[in-house]
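Asker: Pasting data_37.txt here (compact mmCIF, C-alpha atoms):
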# COMPACT_ATOMS: atom_id res chain seq x y z
CA ASP A 187 -57.79 325.52 79.38
CA ILE A 188 -55.31 322.72 80.02
CA ASP A 189 -55.67 321.01 83.37
CA VAL A 190 -52.03 320.94 84.49
CA GLU A 191 -52.68 318.50 87.33
CA ASN A 192 -54.10 315.87 84.93
CA VAL A 193 -51.24 316.27 82.45
CA VAL A 194 -48.64 315.86 85.20
CA ALA A 195 -50.50 312.84 86.58
CA LEU A 196 -50.42 311.13 83.17
CA GLN A 197 -46.67 311.48 82.63
CA PRO A 198 -45.56 308.80 85.14
CA ARG A 199 -48.09 306.35 83.67
CA ARG A 200 -46.65 306.91 80.17
CA ARG A 201 -43.17 306.22 81.51
CA ASN A 202 -44.46 303.01 83.09
CA ILE A 203 -45.91 301.82 79.77
CA THR A 204 -42.70 302.71 77.94
CA THR A 205 -40.62 300.91 80.57
CA TRP A 206 -42.81 297.78 80.34
CA LEU A 207 -42.64 297.81 76.54
CA ALA A 208 -38.84 298.05 76.70
CA ILE A 209 -38.70 295.13 79.16
CA ALA A 210 -41.04 293.04 76.98
CA ALA A 211 -38.93 293.76 73.89
CA THR A 212 -35.79 292.73 75.75
CA VAL A 213 -37.40 289.46 76.85
CA VAL A 214 -38.54 288.70 73.28
CA ILE A 215 -35.05 289.38 71.91
CA ALA A 216 -33.41 287.23 74.60
CA ALA A 217 -35.86 284.36 74.00
CA THR A 218 -35.34 284.52 70.23
CA LEU A 219 -31.57 284.43 70.63
CA GLY A 220 -31.86 281.55 73.10
CA PHE A 221 -34.01 279.50 70.73
CA ARG A 222 -31.67 280.20 67.83
CA MET A 223 -28.69 279.06 69.89
CA MET A 224 -30.55 275.90 70.90
CA SER A 225 -31.45 275.14 67.28
CA ASP A 226 -27.77 275.15 66.32
CA VAL A 227 -27.21 272.00 68.38
CA GLN A 228 -24.62 269.73 66.84
CA TYR A 229 -25.57 266.05 66.74
CA GLU A 230 -23.09 263.20 66.75
CA SER A 231 -24.62 261.74 63.59
CA LEU A 232 -27.36 262.17 61.02
CA GLU A 233 -29.20 259.30 62.72
CA ALA A 234 -29.14 261.08 66.09
CA GLU A 235 -30.47 264.27 64.52
CA ILE A 236 -33.30 262.40 62.80
CA LEU A 237 -34.39 260.75 66.05
CA ALA A 238 -34.15 264.07 67.94
CA HIS A 239 -36.24 265.72 65.24
CA LEU A 240 -39.02 263.16 65.70
CA ASP A 241 -39.08 263.92 69.43
CA HIS A 242 -39.75 267.60 68.63
CA GLU A 243 -42.71 266.99 66.32
CA PRO A 244 -45.03 264.50 68.06
CA TYR A 245 -48.07 266.40 66.73
CA SER A 246 -47.27 265.09 63.24
CA LEU A 247 -48.10 261.53 64.32
CA VAL A 248 -51.89 261.62 64.14
CA VAL A 249 -53.93 258.57 63.17
CA THR A 250 -56.31 259.75 60.46
CA ASP A 251 -57.82 258.75 57.16
CA LYS A 252 -57.72 262.30 55.76
CA ALA A 253 -55.03 262.88 53.15
CA ILE A 254 -53.32 266.22 52.66
CA SER A 255 -54.05 268.00 49.40
CA ASP A 256 -51.97 267.50 46.27
CA VAL A 257 -51.21 271.23 46.43
CA ARG A 258 -49.73 270.83 49.93
CA LEU A 259 -47.75 267.74 48.92
CA SER A 260 -46.24 269.50 45.89
CA ALA A 261 -45.40 272.56 48.01
CA VAL A 262 -43.40 270.38 50.43
CA VAL A 263 -42.02 267.99 47.80
CA PRO A 264 -41.46 270.29 44.82
CA SER A 265 -41.00 268.72 41.40
CA ASP A 266 -37.48 270.18 41.14
CA LEU A 267 -36.53 268.06 44.20
CA SER A 268 -38.22 264.76 43.43
CA THR A 269 -41.30 263.06 42.14
CA MET A 270 -43.23 261.11 44.72
CA GLY A 271 -45.99 258.82 43.62
CA HIS A 272 -49.12 258.11 45.64
CA SER A 273 -48.13 254.46 45.92
CA ALA A 274 -46.19 255.34 49.08
CA GLY A 275 -49.42 255.42 51.04
CA LEU A 276 -51.95 257.87 52.46
CA VAL A 277 -49.91 261.05 53.11
CA THR A 278 -51.51 262.77 56.10
CA TYR A 279 -48.79 265.27 57.04
CA ALA A 280 -46.30 267.27 55.01
CA GLN A 281 -43.97 269.92 56.33
CA THR A 282 -40.57 271.28 55.36
CA CYS A 283 -38.15 270.74 58.24
CA ASP A 284 -34.49 271.45 58.94
CA ILE A 285 -32.24 268.38 59.11
CA ASN A 286 -28.48 268.75 59.09
CA GLY A 287 -28.81 272.40 58.09
CA LYS A 288 -30.94 271.67 55.04
CA ALA A 289 -34.66 272.08 54.38
CA VAL A 290 -36.10 268.63 53.73
CA PRO A 291 -39.60 267.20 53.21
CA HIS A 292 -41.05 265.57 56.35
CA LEU A 293 -44.02 263.38 55.46
CA VAL A 294 -46.25 261.09 57.46
CA ILE A 295 -48.18 258.18 55.97
CA GLN A 296 -50.56 255.84 57.73
CA GLY A 297 -49.03 252.42 58.40
CA GLU A 298 -50.58 249.24 59.77
CA ARG A 299 -49.70 250.09 63.39
CA GLY A 300 -49.99 253.87 63.16
CA PRO A 301 -48.36 256.89 61.56
CA VAL A 302 -45.02 256.39 59.80
CA THR A 303 -42.58 259.26 59.35
CA ILE A 304 -40.71 259.67 56.08
CA LEU A 305 -37.88 262.16 55.67
CA LEU A 306 -36.64 262.76 52.13
CA LEU A 307 -32.93 263.62 52.32
CA PRO A 308 -31.76 264.25 48.75
CA ASP A 309 -28.35 265.63 49.76
CA GLU A 310 -27.49 263.04 52.44
CA LYS A 311 -25.69 260.29 50.55
CA ILE A 312 -24.99 257.18 52.60
CA ASP A 313 -23.27 253.94 51.59
CA ALA A 314 -25.53 251.40 53.28
CA ALA A 315 -28.81 251.16 55.19
CA VAL A 316 -28.63 252.25 58.83
CA ASP A 317 -31.06 251.06 61.51
CA LEU A 318 -32.79 253.77 63.53
CA SER A 319 -34.05 252.90 66.98
CA GLY A 320 -35.58 255.03 69.71
CA ASN A 321 -38.14 254.82 72.48
CA HIS A 322 -40.99 252.71 71.06
CA ILE A 323 -39.90 253.31 67.46
CA ASP A 324 -37.87 251.56 64.82
CA GLY A 325 -36.81 252.69 61.43
CA VAL A 326 -34.21 252.69 58.73
CA LEU A 327 -32.15 255.22 56.83
CA LEU A 328 -31.94 253.96 53.26
CA PRO A 329 -29.52 255.00 50.51
CA VAL A 330 -31.45 256.12 47.44
CA GLY A 331 -29.40 257.39 44.52
CA ARG A 332 -27.59 260.56 45.47
CA GLY A 333 -29.52 260.89 48.74
CA SER A 334 -31.32 258.91 51.39
CA ILE A 335 -34.73 258.37 52.93
CA ALA A 336 -35.50 257.89 56.62
CA ILE A 337 -38.56 255.79 57.47
CA ILE A 338 -39.59 255.50 61.12
CA GLY A 339 -42.66 253.90 62.68
CA GLU A 340 -43.86 252.22 65.84
CA ARG A 341 -42.14 249.00 66.86
CA GLY A 342 -43.59 246.16 64.86
CA GLU A 343 -44.45 248.31 61.84
CA ARG A 344 -43.46 246.70 58.53
CA ILE A 345 -40.76 249.26 57.74
CA ASP A 346 -39.15 247.05 55.05
CA ALA A 347 -42.34 246.91 52.99
CA ILE A 348 -42.92 250.64 53.37
CA GLY A 349 -39.25 251.26 52.53
CA ASN A 350 -39.53 249.36 49.26
CA THR A 351 -42.69 251.21 48.29
CA VAL A 352 -41.28 254.62 49.21
CA ARG A 353 -37.94 253.91 47.55
CA ASN A 354 -39.77 253.00 44.33
CA SER A 355 -42.02 256.08 44.50
CA VAL A 356 -39.25 258.69 44.92
CA MET A 357 -37.15 259.78 41.98
CA TRP A 358 -34.57 262.46 42.70
CA ASP A 359 -34.45 265.05 39.95
CA THR A 360 -30.96 265.79 38.70
Translate the structure of the given file into structure tokens.

Answerer:
Amino acid sequence: DIDVENVVALQPRRRNITTWLAIAATVVIAATLGFRMMSDVQYESLEAEILAHLDHEPYSLVVTDKAISDVRLSAVVPSDLSTMGHSAGLVTYAQTCDINGKAVPHLVIQGERGPVTILLLPDEKIDAAVDLSGNHIDGVLLPVGRGSIAIIGERGERIDAIGNTVRNSVMWDT
């Protein structure tokens, strides 16, 4: 009791669905490869990569009085990487990000003029402090033991004071 006309009528529709699924899969693969190729961009310096990274995460710069949990902070800044005291300020954002091919803690604290980004770079040893400057932002890349710390805020933010506090609150584990 099979209705042959209905079975034959369904076959082209199934081919259409299969064709569309194949096209969608191809688009997803092409987009993934494109994004991966774009993420392998080579920067002229660590400073340039840090500034470019900030441009790609504007959502991290939220003015708030709500701190992240201690659990979240220790997940992003594990004790085998460093110990970060709460004296650095109200930490309102914590994410692990890729800088110079390495996963590093990206934190945001609340400064006097707005959110301040802190990147903990334990494997990026530098000899001297380097100024960081971009559109409407200023910062510094500070040498700290075997690594460095980037601190970037809005123009006019007291980066030096924050830098001293952060530098004193981070202890790289050996």

Asker: Near region 318-327 of chain A, counting all atoms listed in the file, which residues have an atom at most 12 Å away, once you skip same-chain residues fewer than 2 positions from it, shown as a ChimeraX atom specification?

Answerer: /A:231-241,299-307,310-316,329-330,333-350,352-353

Asker: Residues within 9 Å of region 257-264 of chain A, please, as a VMD selection string. Count only C-alpha atoms; anything in the same chain fewer than 4 positions from it doesn't count.

Answerer: chain A and resid 268 to 270 277 279 to 282 290 to 293 306

Asker: Between CA of Tyr245 (chain A) and CA of Lys288 (chain A), what distance in Å does the model show, to one decimal?

Answerer: 21.4 Å

Asker: Return the single residue from A:Leu328, A:Ile254, A:Ala289, A:Cys283 that is closest to His242 (chain A), with distances computed using all atoms listed in the file.

Answerer: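 For His242 (chain A), the nearest of the given residues is A:Cys283.
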
Asker: Which distance in Å separates CA of Trp358 (chain A) and CA of Gln296 (chain A), to one decimal?

Answerer: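 Going from CA of Trp358 (chain A) over to CA of Gln296 (chain A), I get 22.9 Å.
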
Asker: Between CA of Lys252 (chain A) and CA of Gly297 (chain A), what is the distance in Å, rounded to a tenth?

Answerer: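 Answer for the CA of Lys252 (chain A) to CA of Gly297 (chain A) separation: 13.4 Å.
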
Asker: So, with all atoms listed in the file as the atoms that count, which of A:Gln228, A:Ala211, A:Glu298, A:Thr250 lies closest to Ile285 (chain A)?

Answerer: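 Nearest to Ile285 (chain A): A:Gln228.
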